[in-house]
>>> print(open('entry_28.csv').read())   # CSV, C-alpha atoms
chain,number,residue,atom,x,y,z
A,1,MET,CA,6.9,-20.3,-9.3
A,2,ALA,CA,7.4,-17.2,-7.2
A,3,HIS,CA,10.3,-14.9,-8.0
A,4,ILE,CA,11.9,-15.6,-4.6
A,5,ASN,CA,12.3,-18.6,-2.4
A,6,VAL,CA,9.2,-18.7,-0.3
A,7,PRO,CA,7.5,-21.7,1.4
A,8,GLU,CA,6.0,-24.0,-1.3
A,9,ASN,CA,2.3,-24.7,-1.6
A,10,VAL,CA,1.4,-21.6,0.4
A,11,PRO,CA,-0.7,-19.3,-1.7
A,12,GLY,CA,-0.5,-15.5,-2.2
A,13,ILE,CA,0.4,-13.1,0.5
A,14,ARG,CA,0.7,-15.8,3.2
A,15,SER,CA,3.9,-17.2,1.6
A,16,LEU,CA,5.4,-13.6,1.4
A,17,VAL,CA,4.7,-12.8,5.1
A,18,MET,CA,6.3,-16.1,6.1
A,19,PHE,CA,9.4,-14.9,4.2
A,20,ARG,CA,9.6,-11.7,6.2
A,21,PRO,CA,7.3,-11.8,9.2
A,22,ASP,CA,8.6,-8.6,10.8
A,23,ALA,CA,7.1,-6.7,8.0
A,24,GLY,CA,4.2,-9.1,7.4
A,25,GLN,CA,2.8,-8.7,10.9
A,26,HIS,CA,2.1,-5.0,10.2
A,27,LEU,CA,0.4,-5.9,6.9
A,28,TYR,CA,-1.9,-8.3,8.7
A,29,GLN,CA,-2.6,-5.8,11.5
A,30,LEU,CA,-3.4,-3.1,8.9
A,31,ALA,CA,-5.8,-5.4,7.0
A,32,GLN,CA,-7.5,-6.4,10.3
A,33,VAL,CA,-8.1,-2.8,11.5
A,34,LEU,CA,-9.2,-1.6,8.0
A,35,LEU,CA,-11.5,-4.6,7.2
A,36,ARG,CA,-12.7,-5.7,10.6
A,37,GLY,CA,-12.0,-2.7,12.9
A,38,GLU,CA,-14.6,0.0,13.8
A,39,SER,CA,-15.9,1.8,10.7
A,40,PRO,CA,-19.3,3.1,9.4
A,41,LEU,CA,-18.8,0.6,6.6
A,42,THR,CA,-19.8,-3.0,7.2
A,43,PRO,CA,-17.1,-5.7,6.9
A,44,ALA,CA,-18.9,-6.9,3.8
A,45,GLU,CA,-18.9,-3.4,2.2
A,46,ARG,CA,-15.2,-3.1,3.0
A,47,GLU,CA,-14.5,-6.5,1.4
A,48,LEU,CA,-16.4,-5.4,-1.7
A,49,ILE,CA,-14.1,-2.3,-2.0
A,50,ALA,CA,-11.1,-4.6,-1.6
A,51,THR,CA,-12.4,-7.0,-4.2
A,52,TYR,CA,-13.3,-4.2,-6.6
A,53,VAL,CA,-9.8,-2.6,-6.5
A,54,SER,CA,-8.1,-6.0,-6.7
A,55,HIS,CA,-10.2,-6.9,-9.8
A,56,ARG,CA,-9.3,-3.6,-11.5
A,57,ASN,CA,-5.6,-4.3,-10.7
A,58,GLY,CA,-6.0,-7.8,-12.3
A,59,CYS,CA,-4.8,-9.4,-9.1
A,60,VAL,CA,-6.4,-12.9,-9.3
A,61,PHE,CA,-5.3,-14.1,-5.9
A,62,CYS,CA,-6.6,-11.0,-4.0
A,63,THR,CA,-9.8,-10.7,-6.1
A,64,ASN,CA,-10.8,-14.3,-5.6
A,65,SER,CA,-9.9,-14.5,-1.9
A,66,HIS,CA,-11.7,-11.2,-0.9
A,67,ALA,CA,-14.6,-12.0,-3.2
A,68,ALA,CA,-14.9,-15.3,-1.2
A,69,ALA,CA,-14.7,-13.4,2.1
A,70,ALA,CA,-17.4,-11.0,0.9
A,71,ARG,CA,-19.6,-13.9,-0.2
A,72,SER,CA,-19.2,-15.6,3.2
A,73,LEU,CA,-20.1,-12.3,5.0
A,74,LEU,CA,-23.1,-11.5,2.7
A,75,GLN,CA,-24.6,-15.0,3.1
A,76,ASN,CA,-27.9,-14.9,1.1
A,77,ASP,CA,-26.8,-11.7,-0.7
A,78,ALA,CA,-23.6,-13.4,-2.0
A,79,PRO,CA,-24.7,-12.9,-5.7
A,80,ILE,CA,-24.0,-9.2,-5.2
A,81,VAL,CA,-20.3,-10.0,-5.5
A,82,ASP,CA,-20.5,-11.4,-9.0
A,83,ALA,CA,-22.8,-8.5,-10.0
A,84,LEU,CA,-20.1,-6.1,-8.8
A,85,LEU,CA,-17.4,-7.9,-10.7
A,86,ALA,CA,-19.5,-7.9,-13.8
A,87,ASP,CA,-20.4,-4.2,-13.7
A,88,MET,CA,-20.2,-2.0,-10.6
A,89,GLU,CA,-22.7,0.6,-12.0
A,90,THR,CA,-25.5,-1.9,-12.5
A,91,ALA,CA,-24.9,-4.0,-9.4
A,92,PRO,CA,-27.6,-4.0,-6.7
A,93,LEU,CA,-25.7,-1.7,-4.3
A,94,SER,CA,-26.8,1.4,-2.5
A,95,GLU,CA,-26.1,4.7,-4.3
A,96,LYS,CA,-23.9,5.8,-1.5
A,97,LEU,CA,-21.7,2.6,-1.8
A,98,LYS,CA,-21.5,3.1,-5.6
A,99,ALA,CA,-20.3,6.7,-5.0
A,100,LEU,CA,-17.6,5.3,-2.7
A,101,LEU,CA,-16.6,2.6,-5.1
A,102,ARG,CA,-16.2,5.2,-7.9
A,103,ILE,CA,-13.7,7.0,-5.5
A,104,ALA,CA,-12.0,3.7,-4.8
A,105,GLY,CA,-11.7,3.1,-8.6
A,106,LYS,CA,-10.1,6.5,-9.0
A,107,VAL,CA,-7.6,5.8,-6.1
A,108,GLN,CA,-6.8,2.5,-7.9
A,109,VAL,CA,-5.6,4.6,-10.9
A,110,LEU,CA,-3.9,7.3,-8.8
A,111,GLY,CA,-4.6,9.4,-5.8
A,112,LYS,CA,-4.7,12.7,-7.7
A,113,GLU,CA,-7.6,11.3,-9.8
A,114,VAL,CA,-10.0,11.9,-7.0
A,115,GLN,CA,-11.7,15.3,-7.6
A,116,GLN,CA,-13.8,17.5,-5.3
A,117,ASP,CA,-16.9,16.6,-7.4
A,118,ASP,CA,-16.4,12.9,-6.5
A,119,ILE,CA,-16.2,13.8,-2.8
A,120,ASP,CA,-19.2,16.1,-3.0
A,121,ALA,CA,-21.3,13.4,-4.9
A,122,ALA,CA,-20.6,10.9,-2.1
A,123,LYS,CA,-21.3,13.4,0.7
A,124,GLN,CA,-24.7,14.2,-1.0
A,125,LEU,CA,-25.5,10.6,-0.7
A,126,GLY,CA,-24.7,10.5,3.0
A,127,ALA,CA,-21.0,9.6,3.0
A,128,THR,CA,-19.2,11.0,6.1
A,129,ASP,CA,-15.5,11.9,6.4
A,130,ARG,CA,-14.9,8.6,8.0
A,131,ASP,CA,-16.6,6.7,5.1
A,132,LEU,CA,-14.4,8.7,2.7
A,133,HIS,CA,-11.2,8.1,4.7
A,134,ASP,CA,-11.8,4.4,5.0
A,135,THR,CA,-12.6,4.0,1.4
A,136,VAL,CA,-9.5,5.8,0.2
A,137,LEU,CA,-7.2,4.0,2.6
A,138,ILE,CA,-8.7,0.5,1.8
A,139,ALA,CA,-8.3,1.3,-2.0
A,140,ALA,CA,-4.7,2.5,-1.4
A,141,THR,CA,-3.9,-0.5,0.8
A,142,PHE,CA,-5.1,-3.0,-1.9
A,143,SER,CA,-3.1,-1.1,-4.5
A,144,MET,CA,-0.2,-2.2,-2.2
A,145,PHE,CA,-1.3,-5.8,-1.5
A,146,ASN,CA,-2.0,-6.4,-5.3
A,147,ARG,CA,1.5,-5.2,-6.2
A,148,TYR,CA,3.2,-7.2,-3.5
A,149,VAL,CA,1.4,-10.4,-4.4
A,150,ASP,CA,1.9,-10.1,-8.2
A,151,GLY,CA,5.2,-8.3,-8.2
A,152,LEU,CA,6.8,-11.4,-6.6
A,153,ALA,CA,4.6,-13.8,-8.6
A,154,SER,CA,3.3,-15.6,-5.4
A,155,LEU,CA,1.3,-18.8,-5.8
A,156,THR,CA,-2.1,-18.1,-7.3
A,157,PRO,CA,-4.5,-21.2,-7.1
A,158,GLN,CA,-6.4,-21.5,-10.5
A,159,ASP,CA,-9.3,-23.5,-9.1
A,160,PRO,CA,-12.0,-21.1,-7.9
A,161,ALA,CA,-13.0,-23.8,-5.3
A,162,ALA,CA,-9.7,-23.3,-3.5
A,163,TYR,CA,-10.8,-19.8,-2.4
A,164,GLU,CA,-13.9,-20.9,-0.6
A,165,PRO,CA,-12.4,-22.1,2.6
A,166,MET,CA,-10.0,-19.1,2.5
A,167,GLY,CA,-12.9,-16.7,2.3
A,168,LYS,CA,-14.7,-18.5,5.2
A,169,ARG,CA,-11.6,-18.3,7.3
A,170,MET,CA,-11.2,-14.6,6.5
A,171,ALA,CA,-14.9,-14.0,7.3
A,172,GLU,CA,-14.7,-15.9,10.6
A,173,PHE,CA,-11.3,-15.2,12.0
A,174,GLY,CA,-10.2,-12.1,10.2
A,175,TYR,CA,-6.6,-11.4,9.3
A,176,VAL,CA,-4.3,-13.5,11.4
A,177,MET,CA,-0.6,-14.2,10.6
A,178,PRO,CA,-0.1,-17.7,9.2
A,179,GLU,CA,1.7,-19.2,12.3
A,180,GLN,CA,-1.0,-17.9,14.6
A,181,ALA,CA,-3.7,-19.1,12.2
A,182,ALA,CA,-2.2,-22.6,12.4
A,183,ARG,CA,-3.0,-22.6,16.2
A,184,VAL,CA,-6.6,-21.6,15.8
B,1,MET,CA,-7.7,21.9,1.6
B,2,ALA,CA,-8.0,18.2,2.3
B,3,HIS,CA,-11.1,16.3,1.3
B,4,ILE,CA,-11.9,15.5,4.9
B,5,ASN,CA,-11.6,17.4,8.2
B,6,VAL,CA,-8.1,16.7,9.4
B,7,PRO,CA,-5.9,18.9,11.7
B,8,GLU,CA,-5.0,22.1,10.0
B,9,ASN,CA,-1.4,23.1,9.1
B,10,VAL,CA,-0.3,19.5,9.5
B,11,PRO,CA,1.2,18.3,6.2
B,12,GLY,CA,0.8,15.1,4.3
B,13,ILE,CA,0.3,11.7,5.9
B,14,ARG,CA,0.8,13.1,9.4
B,15,SER,CA,-2.6,14.8,9.2
B,16,LEU,CA,-4.3,11.6,8.0
B,17,VAL,CA,-2.9,9.3,10.7
B,18,MET,CA,-4.0,11.9,13.3
B,19,PHE,CA,-7.5,11.4,11.8
B,20,ARG,CA,-7.4,7.7,12.3
B,21,PRO,CA,-4.5,6.7,14.6
B,22,ASP,CA,-5.6,3.0,15.0
B,23,ALA,CA,-4.8,2.5,11.3
B,24,GLY,CA,-2.0,5.1,11.2
B,25,GLN,CA,0.1,3.3,13.8
B,26,HIS,CA,0.4,0.3,11.5
B,27,LEU,CA,1.4,2.5,8.6
B,28,TYR,CA,4.1,4.1,10.6
B,29,GLN,CA,5.3,0.7,12.0
B,30,LEU,CA,5.4,-0.6,8.4
B,31,ALA,CA,7.4,2.4,7.2
B,32,GLN,CA,9.8,2.0,10.1
B,33,VAL,CA,10.5,-1.7,9.6
B,34,LEU,CA,10.8,-1.3,5.8
B,35,LEU,CA,13.0,1.8,5.7
B,36,ARG,CA,15.0,1.5,8.9
B,37,GLY,CA,14.7,-2.2,9.9
B,38,GLU,CA,17.2,-4.9,9.0
B,39,SER,CA,17.8,-5.2,5.3
B,40,PRO,CA,20.7,-5.8,2.9
B,41,LEU,CA,19.8,-2.4,1.4
B,42,THR,CA,21.0,0.7,3.3
B,43,PRO,CA,18.4,3.2,4.7
B,44,ALA,CA,19.6,5.7,2.0
B,45,GLU,CA,19.1,3.1,-0.8
B,46,ARG,CA,15.6,2.3,0.6
B,47,GLU,CA,14.7,6.1,0.7
B,48,LEU,CA,15.9,6.3,-2.9
B,49,ILE,CA,13.4,3.6,-3.9
B,50,ALA,CA,10.6,5.4,-1.9
B,51,THR,CA,11.5,8.7,-3.6
B,52,TYR,CA,11.7,7.1,-7.1
B,53,VAL,CA,8.3,5.5,-6.8
B,54,SER,CA,6.7,8.6,-5.3
B,55,HIS,CA,8.1,10.7,-8.1
B,56,ARG,CA,6.7,8.4,-10.7
B,57,ASN,CA,3.3,8.6,-9.0
B,58,GLY,CA,3.5,12.4,-9.1
B,59,CYS,CA,3.1,12.6,-5.3
B,60,VAL,CA,4.8,15.9,-4.4
B,61,PHE,CA,4.6,15.5,-0.6
B,62,CYS,CA,6.1,11.9,-0.6
B,63,THR,CA,8.7,12.7,-3.2
B,64,ASN,CA,10.0,15.8,-1.5
B,65,SER,CA,9.9,14.4,2.1
B,66,HIS,CA,11.7,11.2,1.2
B,67,ALA,CA,14.1,13.0,-1.1
B,68,ALA,CA,15.0,15.2,1.9
B,69,ALA,CA,15.4,12.1,4.1
B,70,ALA,CA,17.7,10.5,1.5
B,71,ARG,CA,19.8,13.7,1.2
B,72,SER,CA,20.2,13.8,4.9
B,73,LEU,CA,21.3,10.2,5.1
B,74,LEU,CA,23.6,10.5,2.1
B,75,GLN,CA,25.4,13.6,3.5
B,76,ASN,CA,28.1,14.5,0.9
B,77,ASP,CA,26.6,12.2,-1.7
B,78,ALA,CA,23.2,14.1,-1.5
B,79,PRO,CA,23.4,15.2,-5.2
B,80,ILE,CA,22.7,11.6,-6.1
B,81,VAL,CA,19.0,12.3,-5.2
B,82,ASP,CA,18.6,15.0,-7.8
B,83,ALA,CA,20.4,12.9,-10.4
B,84,LEU,CA,18.0,10.1,-9.7
B,85,LEU,CA,15.0,12.4,-10.0
B,86,ALA,CA,16.3,13.8,-13.3
B,87,ASP,CA,17.1,10.4,-14.9
B,88,MET,CA,17.5,7.1,-13.0
B,89,GLU,CA,19.4,5.4,-15.8
B,90,THR,CA,22.2,8.0,-15.9
B,91,ALA,CA,22.4,8.7,-12.1
B,92,PRO,CA,25.6,7.7,-10.3
B,93,LEU,CA,24.1,4.5,-8.7
B,94,SER,CA,25.5,1.0,-8.7
B,95,GLU,CA,24.3,-1.3,-11.5
B,96,LYS,CA,22.7,-3.5,-8.9
B,97,LEU,CA,20.6,-0.6,-7.4
B,98,LYS,CA,19.6,0.4,-10.9
B,99,ALA,CA,18.3,-3.1,-11.6
B,100,LEU,CA,16.3,-2.9,-8.4
B,101,LEU,CA,15.0,0.5,-9.3
B,102,ARG,CA,13.8,-0.8,-12.7
B,103,ILE,CA,11.8,-3.5,-10.8
B,104,ALA,CA,10.4,-0.8,-8.4
B,105,GLY,CA,9.4,1.2,-11.5
B,106,LYS,CA,7.5,-1.8,-12.9
B,107,VAL,CA,5.8,-2.4,-9.5
B,108,GLN,CA,4.7,1.3,-9.6
B,109,VAL,CA,2.9,0.5,-12.8
B,110,LEU,CA,1.5,-2.9,-11.7
B,111,GLY,CA,2.8,-6.0,-10.0
B,112,LYS,CA,2.3,-8.2,-13.1
B,113,GLU,CA,4.7,-5.9,-15.0
B,114,VAL,CA,7.7,-7.5,-13.2
B,115,GLN,CA,9.0,-10.3,-15.5
B,116,GLN,CA,11.4,-13.1,-14.9
B,117,ASP,CA,14.0,-11.3,-17.0
B,118,ASP,CA,13.9,-8.3,-14.6
B,119,ILE,CA,14.5,-10.7,-11.7
B,120,ASP,CA,17.3,-12.5,-13.5
B,121,ALA,CA,19.1,-9.3,-14.5
B,122,ALA,CA,19.0,-8.1,-10.8
B,123,LYS,CA,20.3,-11.5,-9.6
B,124,GLN,CA,23.2,-11.4,-12.1
B,125,LEU,CA,24.2,-8.1,-10.6
B,126,GLY,CA,24.2,-9.6,-7.1
B,127,ALA,CA,20.7,-9.0,-5.9
B,128,THR,CA,19.5,-11.6,-3.3
B,129,ASP,CA,16.0,-12.8,-2.6
B,130,ARG,CA,15.9,-10.4,0.3
B,131,ASP,CA,16.9,-7.4,-1.9
B,132,LEU,CA,14.2,-8.3,-4.4
B,133,HIS,CA,11.6,-8.8,-1.6
B,134,ASP,CA,12.3,-5.5,0.1
B,135,THR,CA,12.4,-3.6,-3.2
B,136,VAL,CA,9.0,-4.9,-4.3
B,137,LEU,CA,7.4,-4.3,-0.9
B,138,ILE,CA,8.8,-0.8,-0.6
B,139,ALA,CA,7.6,0.0,-4.1
B,140,ALA,CA,4.2,-1.5,-3.3
B,141,THR,CA,4.0,0.3,0.0
B,142,PHE,CA,4.7,3.7,-1.5
B,143,SER,CA,2.1,3.0,-4.2
B,144,MET,CA,-0.2,2.9,-1.1
B,145,PHE,CA,1.2,6.0,0.7
B,146,ASN,CA,1.1,8.1,-2.5
B,147,ARG,CA,-2.6,7.2,-3.0
B,148,TYR,CA,-3.5,7.8,0.6
B,149,VAL,CA,-1.8,11.3,0.7
B,150,ASP,CA,-3.1,12.5,-2.7
B,151,GLY,CA,-6.5,10.6,-2.7
B,152,LEU,CA,-7.5,12.7,0.3
B,153,ALA,CA,-5.7,15.9,-0.9
B,154,SER,CA,-3.7,16.3,2.3
B,155,LEU,CA,-1.7,19.5,2.8
B,156,THR,CA,1.3,19.6,0.5
B,157,PRO,CA,3.8,22.4,1.3
B,158,GLN,CA,4.9,24.2,-1.9
B,159,ASP,CA,8.1,25.6,-0.5
B,160,PRO,CA,11.0,23.0,-1.0
B,161,ALA,CA,12.6,24.4,2.2
B,162,ALA,CA,9.7,23.1,4.2
B,163,TYR,CA,10.9,19.5,3.5
B,164,GLU,CA,14.4,19.9,4.9
B,165,PRO,CA,13.7,19.7,8.6
B,166,MET,CA,11.2,16.9,7.8
B,167,GLY,CA,13.9,14.9,6.0
B,168,LYS,CA,16.3,15.5,8.9
B,169,ARG,CA,13.8,14.3,11.4
B,170,MET,CA,13.0,11.2,9.3
B,171,ALA,CA,16.8,10.4,8.9
B,172,GLU,CA,17.4,10.9,12.7
B,173,PHE,CA,14.3,9.5,14.4
B,174,GLY,CA,12.8,7.3,11.7
B,175,TYR,CA,9.0,6.9,11.4
B,176,VAL,CA,7.3,7.9,14.7
B,177,MET,CA,3.6,8.6,15.0
B,178,PRO,CA,2.9,12.4,15.4
B,179,GLU,CA,1.9,12.4,19.1
B,180,GLN,CA,5.0,10.4,20.0
B,181,ALA,CA,7.1,12.7,17.8
B,182,ALA,CA,5.9,15.7,19.8
B,183,ARG,CA,7.5,14.2,22.9
B,184,VAL,CA,10.9,13.7,21.4
>>> encode(input="entry_28.csv", output="structure tokens")
Amino acid sequence: MAHINVPENVPGIRSLVMFRPDAGQHLYQLAQVLLRGESPLTPAERELIATYVSHRNGCVFCTNSHAAAARSLLQNDAPIVDALLADMETAPLSEKLKALLRIAGKVQVLGKEVQQDDIDAAKQLGATDRDLHDTVLIAATFSMFNRYVDGLASLTPQDPAAYEPMGKRMAEFGYVMPEQAARV
Amino acid sequence: MAHINVPENVPGIRSLVMFRPDAGQHLYQLAQVLLRGESPLTPAERELIATYVSHRNGCVFCTNSHAAAARSLLQNDAPIVDALLADMETAPLSEKLKALLRIAGKVQVLGKEVQQDDIDAAKQLGATDRDLHDTVLIAATFSMFNRYVDGLASLTPQDPAAYEPMGKRMAEFGYVMPEQAARV
């Protein structure tokens, strides 16, 4: 049971933004612009960064839901997601994306962990300022979402199958506040 | 120097949101609703939570700027800020606020650190669901801001005096995107 009185049977962050929609709307808008807005990184690559950070933070709800969104976006390449969750360094990802994921992993620990060497290594593999910016902000943003979801002990479905329709919805419609989602 | 090419001589998060305003606007709107919007916690109490989390994350820019905002809001009670930064447990704060700051400190580590006992202790001291929600989301949000600001090595003024006018502006005008701020 969640630490506060949120709508029952609504999982994860959806229950929390229904508790305080005036703050929640900005969280959803932020997720939408970061994960679906214009970026040199594909939506699938951005969902992989979100999944990786959430996994490192041990946030089961965010890991499973964004892994499902990434699988839905990757289609035939969906097995990449489980390879990433098993071991990022050996997963079948581009060297550039691995360099960005290493930076995301450092941001997950603390911002100051990112060193000039990490930035230089990513740039040598073709990362632009915008790739670096978006990677850091997505990693920072999921450091927030993970803490919000787990800090209030929001409902976390235990059955992996529960995340499949969630991931499909996130891949197809993006990040839409619950009451709007109901009208889709 | 920042890790990416942002406007020179603009400190902290302001330089980053000028690099990507479509994301930045949601960050500012989130800060405004959380720190100045309706809440059972006063704006000064919310700035103290932001300051405490930023201090624990070692984010010099966020600690100094939000400490300055809290001092400006607290007026004659401004010394509370330095007492909090020295030792939260002995600072002249209400027991209820201390219980909430203990929860914020756990969220700073990781969401899962918050235990039912922490929630019960705060409730016994009068904390409502809304106090708990806002505390957790503010602590989570600053876990994001701190990582964004330090992960991209944005400009951090070293002179404490540089933060005074910043704090006054944050206390008086709240969180306004840089280009709008210039028109005030």
>>> atom_distance(input="entry_28.csv", atom1="CA of Leu48 (chain B)", atom2="CA of Ala23 (chain B)")
25.4 Å
>>> closest_residue(input="entry_28.csv", among="B:Leu73, B:Val81, B:Leu132, B:Val53", to="Leu152 (chain A)", atoms="all atoms listed in the file")
B:Leu132
>>> closest_atom_pairs(input="entry_28.csv", of="region 78-122 of chain A", to="region 60-64 of chain A", cutoff="12 Å", atoms="only C-alpha atoms", output="tab-separated table")
residue	atom	partner	partner_atom	distance
A:Val81	CA	A:Asn64	CA	10.4
A:Asp82	CA	A:Asn64	CA	10.7
A:Leu84	CA	A:Thr63	CA	11.6
A:Leu85	CA	A:Thr63	CA	9.3
>>> closest_residue(input="entry_28.csv", among="A:Arg102, A:Arg169, A:Arg36, A:Lys112", to="chain B", atoms="all atoms listed in the file")
A:Lys112
>>> closest_residue(input="entry_28.csv", among="B:Asn9, B:Ile103, B:Asp150, B:Glu95", to="Gln115 (chain B)", atoms="only C-alpha atoms")
B:Ile103
>>> interface_residues(input="entry_28.csv", of="chain B", to="chain A", cutoff="6 Å", atoms="all atoms listed in the file", output="VMD selection string")
chain B and resid 4 26 30 110 to 112 114 129 137 140 to 141 144 147 to 148 150 to 151
>>> write_last_selection(input="entry_28.csv", atoms="C-alpha atoms", output="PDB file, in the frame of the given file")
ATOM      1  CA  ILE B   4     -11.900  15.500   4.900  1.00  0.00           C
ATOM      2  CA  HIS B  26       0.400   0.300  11.500  1.00  0.00           C
ATOM      3  CA  LEU B  30       5.400  -0.600   8.400  1.00  0.00           C
ATOM      4  CA  LEU B 110       1.500  -2.900 -11.700  1.00  0.00           C
ATOM      5  CA  GLY B 111       2.800  -6.000 -10.000  1.00  0.00           C
ATOM      6  CA  LYS B 112       2.300  -8.200 -13.100  1.00  0.00           C
ATOM      7  CA  VAL B 114       7.700  -7.500 -13.200  1.00  0.00           C
ATOM      8  CA  ASP B 129      16.000 -12.800  -2.600  1.00  0.00           C
ATOM      9  CA  LEU B 137       7.400  -4.300  -0.900  1.00  0.00           C
ATOM     10  CA  ALA B 140       4.200  -1.500  -3.300  1.00  0.00           C
ATOM     11  CA  THR B 141       4.000   0.300   0.000  1.00  0.00           C
ATOM     12  CA  MET B 144      -0.200   2.900  -1.100  1.00  0.00           C
ATOM     13  CA  ARG B 147      -2.600   7.200  -3.000  1.00  0.00           C
ATOM     14  CA  TYR B 148      -3.500   7.800   0.600  1.00  0.00           C
ATOM     15  CA  ASP B 150      -3.100  12.500  -2.700  1.00  0.00           C
ATOM     16  CA  GLY B 151      -6.500  10.600  -2.700  1.00  0.00           C
TER      17      GLY B 151
END
>>> atom_distance(input="entry_28.csv", atom1="CA of Met170 (chain A)", atom2="CA of Ala83 (chain A)")
21.1 Å
>>> atom_distance(input="entry_28.csv", atom1="CA of Ser154 (chain A)", atom2="CA of Val10 (chain A)")
8.6 Å
>>> residues_near_point(input="entry_28.csv", point="(13.1, 18.5, 2.9)", cutoff="9 Å", atoms="only C-alpha atoms", output="list in words")
Asn64, Ser65, His66, Ala67, Ala68, Ala69, Arg71, Ser72, Pro160, Ala161, Ala162, Tyr163, Glu164, Pro165, Met166, Gly167 and Lys168 of chain B
>>> closest_residue(input="entry_28.csv", among="B:Pro178, B:Ser54, B:Ala127, B:Ile13", to="Leu41 (chain B)", atoms="only C-alpha atoms")
B:Ala127
>>> closest_residue(input="entry_28.csv", among="B:Ala171, B:Ala86, B:Leu93, B:Ala99", to="Pro43 (chain B)", atoms="only C-alpha atoms")
B:Ala171
